[in-house]
Amino acid sequence: MRTGLFSCLFCLLAFSLSAQNFPIGYQTMNFTDPARSNRPVPAEVYYPGLTAGSNTALANGKFPVISFGHGFLMAYDYYMYLKDSLVPLGYIIAFAKTETGILPDHLELGKDLAFLVNQMQAEGNTPSSAYYNHIDSTSAIMGHSMGGGASFLGCENNPVPTAMITFAAAETSPSAISAASHISIPSLVFSADKDCVTPPATNQIPMYDSLASGCKVFINIKGGGHCYFADYNFTCSIGEVGCASSFTITRDQQHDAVIDFLVPYLDYYLKKIPLGWTVFNDSLQYSQRITYMKSCGTAGIPDPGSLDQFVISPNPVHDKLIVTSGSGQERVTKIVLRSLTGSVVLTRHEKDETGTTATEVDLSSCKAGAYFLEVTGRSGRILVFRVIKG
């Protein structure tokens, strides 16, 4: 169960996406990679559909693509909680079905994950494809355990994916830790502090430390386990039998924590929803279920969209809040103050005056508490601040 302020923030994000509850379509796709001697790369693809079921038509719109890598001796169908959570919100997930045997090739799996991103985007540009005009330009590579380590290999020196997300990533051959130093895209690294299969100290933390990303985040789920990042799998559970008794949360609780952070992160980077970054960061600060590390430049705010175009002060505020342009060209055109439940408290439209770099907002009549301030600039970009009214 989600509790406290964390719950309110997630509810606000869910409110903003309430119109998106797509049925889940799916199909098996059998690709070949000509760059690797026509290597077969089968994938199970789940997508937002007009109706649920096999090979149904895609819903209207363009959707970001996520390619996903499975764990050792596991398969795509042990990650259905991710499919069930993300596809209805407007994401396409292509689960790699390669390297499922006892002697997997980590590098080939990493290349498969990168290939699936490229191939799905090519499908979106092919008139004869069912995905034609349905694939967005943004994408992510994601994986668990072996597939998490392979994600590092697939993202090494690869600028195509928008972001990388890994769950209990395992060190691989070649080294995922070494590959991390050649990854510059935004990266989110999940771990669980009771993981005895790929302990964070020797796997995910060195990977995070080595990342060259301009914005990288490490989230450690308290009391969780390695296999809890997946649905139940007997083989995986055998591998962690020595530490399972130390878990202090359930599998469902760990899934819940993953989705609470994953959805706003993906919404920000893949859908360019500014509120996603606000919710994600607020959750980092207030959630009692995790510990974290974050390195996102001097301002702590990553791209896209030059979202450092405005600054606010003071915060906390008692009466007058000043919104100042951080850009020589940008100006405030609209201000919306919302409660944590999404209700509009205040709306103002500003004149686009060239010489005005500071806008004063009178909050003296507002009750004490936390709010979201949405600032729209001349460019049309929106920056969302969390404001505390004293």
# chains A, B, ... in the order shown; residues from 1 in each chain; ligands from 1
call {"tool": "select_by_dssp", "arguments": {"residues": "stretch 140-271 of chain A", "states": "alpha helix (DSSP H)", "output": "VMD selection string"}}
result
chain A and resid 146 to 155 176 to 180 204 to 210 234 to 239 251 to 269
call {"tool": "select_by_dssp", "arguments": {"residues": "stretch 38-235 of chain A", "states": "strand (DSSP E or B)", "output": "VMD selection string"}}
result
chain A and resid 39 to 49 53 to 54 58 63 to 69 92 to 96 135 to 144 163 to 167 187 to 192 216 to 221
call {"tool": "atom_distance", "arguments": {"atom1": "atom CA of A:Glu350", "atom2": "atom CA of A:Leu275"}}
result
21.2 Å
call {"tool": "residues_around", "arguments": {"residues": "A:Gly143", "least_positions_apart": "5", "cutoff": "8 Å", "atoms": "only C-alpha atoms", "output": "MDAnalysis selection string"}}
result
chainID A and resid 68:71 148:151 165:167 169
call {"tool": "closest_residue", "arguments": {"among": "A:Arg331, A:His106, A:Arg36, A:Lys222", "to": "A:Ser246", "atoms": "only C-alpha atoms"}}
result
A:Lys222
call {"tool": "closest_atom_pairs", "arguments": {"of": "stretch 37-64 of chain A", "to": "stretch 27-32 of chain A", "cutoff": "9 Å", "atoms": "only C-alpha atoms", "output": "CSV"}}
result
residue,atom,partner,partner_atom,distance
A:Ser37,CA,A:Thr32,CA,8.6
A:Asn38,CA,A:Thr32,CA,5.0
A:Arg39,CA,A:Thr32,CA,5.2
A:Pro40,CA,A:Thr32,CA,4.5
A:Val41,CA,A:Phe31,CA,5.0
A:Pro42,CA,A:Asn30,CA,4.3
A:Ala43,CA,A:Met29,CA,5.3
A:Glu44,CA,A:Thr28,CA,4.6
A:Val45,CA,A:Gln27,CA,5.5
A:Tyr46,CA,A:Gln27,CA,6.8
A:Tyr47,CA,A:Gln27,CA,8.7
A:Gly53,CA,A:Gln27,CA,8.6
A:Ser54,CA,A:Gln27,CA,5.7
A:Asn55,CA,A:Gln27,CA,5.4
A:Thr56,CA,A:Gln27,CA,8.5
call {"tool": "write_last_selection", "arguments": {"atoms": "N, CA and C atoms", "output": "short mmCIF file (atom, residue, chain, number, x, y, z; two decimals), in the first residue's frame"}}
result
data_model
loop_
_atom_site.label_atom_id
_atom_site.label_comp_id
_atom_site.auth_asym_id
_atom_site.auth_seq_id
_atom_site.Cartn_x
_atom_site.Cartn_y
_atom_site.Cartn_z
N SER A 37 24.97 -11.57 -39.14
CA SER A 37 24.75 -12.78 -39.95
C SER A 37 23.31 -13.27 -39.88
N ASN A 38 22.39 -12.31 -39.93
CA ASN A 38 20.96 -12.61 -39.87
C ASN A 38 20.57 -13.38 -38.61
N ARG A 39 21.13 -12.94 -37.49
CA ARG A 39 20.82 -13.56 -36.20
C ARG A 39 19.32 -13.44 -35.93
N PRO A 40 18.66 -14.53 -35.57
CA PRO A 40 17.24 -14.45 -35.20
C PRO A 40 17.08 -13.72 -33.86
N VAL A 41 16.14 -12.78 -33.81
CA VAL A 41 15.86 -12.06 -32.57
C VAL A 41 14.34 -12.07 -32.36
N PRO A 42 13.81 -13.17 -31.84
CA PRO A 42 12.37 -13.22 -31.57
C PRO A 42 12.03 -12.36 -30.35
N ALA A 43 10.85 -11.80 -30.36
CA ALA A 43 10.41 -10.93 -29.26
C ALA A 43 8.91 -11.08 -29.07
N GLU A 44 8.49 -10.98 -27.83
CA GLU A 44 7.07 -10.89 -27.52
C GLU A 44 6.78 -9.42 -27.26
N VAL A 45 5.89 -8.85 -28.06
CA VAL A 45 5.64 -7.41 -28.03
C VAL A 45 4.24 -7.16 -27.49
N TYR A 46 4.17 -6.33 -26.47
CA TYR A 46 2.89 -5.91 -25.89
C TYR A 46 2.71 -4.43 -26.18
N TYR A 47 1.49 -4.04 -26.55
CA TYR A 47 1.26 -2.67 -27.01
C TYR A 47 -0.14 -2.19 -26.63
N GLY A 53 -5.93 -8.49 -26.73
CA GLY A 53 -5.82 -9.78 -27.40
C GLY A 53 -4.67 -9.86 -28.37
N SER A 54 -4.56 -11.02 -29.02
CA SER A 54 -3.47 -11.29 -29.94
C SER A 54 -3.69 -10.60 -31.28
N ASN A 55 -2.65 -9.87 -31.72
CA ASN A 55 -2.64 -9.24 -33.05
C ASN A 55 -3.80 -8.28 -33.28
N THR A 56 -4.29 -7.65 -32.23
CA THR A 56 -5.32 -6.63 -32.39
C THR A 56 -4.70 -5.33 -32.90
#
call {"tool": "residues_around", "arguments": {"residues": "A:Gln121", "least_positions_apart": "3", "cutoff": "10 Å", "atoms": "only C-alpha atoms", "output": "JSON, numbers by chain"}}
result
{"A": [64, 65, 115, 116, 117, 118, 124, 125, 126, 131, 132, 133, 134, 135, 136, 137, 138, 139]}
call {"tool": "closest_residue", "arguments": {"among": "A:Leu270, A:Val323, A:Leu113, A:Ile312", "to": "A:Pro186", "atoms": "only C-alpha atoms"}}
result
A:Leu270
call {"tool": "closest_atom_pairs", "arguments": {"of": "stretch 147-239 of chain A", "to": "stretch 277-301 of chain A", "cutoff": "9 Å", "atoms": "only C-alpha atoms", "output": "CSV"}}
result
residue,atom,partner,partner_atom,distance
A:Pro186,CA,A:Cys296,CA,8.8
A:Ala192,CA,A:Ile290,CA,8.9
A:Ser213,CA,A:Cys296,CA,8.3
A:Gly214,CA,A:Cys296,CA,5.8
A:Cys215,CA,A:Cys296,CA,3.9
A:Lys216,CA,A:Ser295,CA,5.4
A:Val217,CA,A:Lys294,CA,4.4
A:Phe218,CA,A:Met293,CA,5.0
A:Ile219,CA,A:Tyr292,CA,4.5
A:Asn220,CA,A:Thr291,CA,5.2
A:Ile221,CA,A:Ile290,CA,4.6
A:Lys222,CA,A:Ile290,CA,5.4
A:Gly223,CA,A:Arg289,CA,8.4
call {"tool": "atom_distance", "arguments": {"atom1": "atom CA of A:Phe385", "atom2": "atom CA of A:Ile259"}}
result
22.4 Å
call {"tool": "closest_residue", "arguments": {"among": "A:Leu383, A:Val311, A:Ala176, A:Cys227", "to": "A:Lys272", "atoms": "only C-alpha atoms"}}
result
A:Leu383
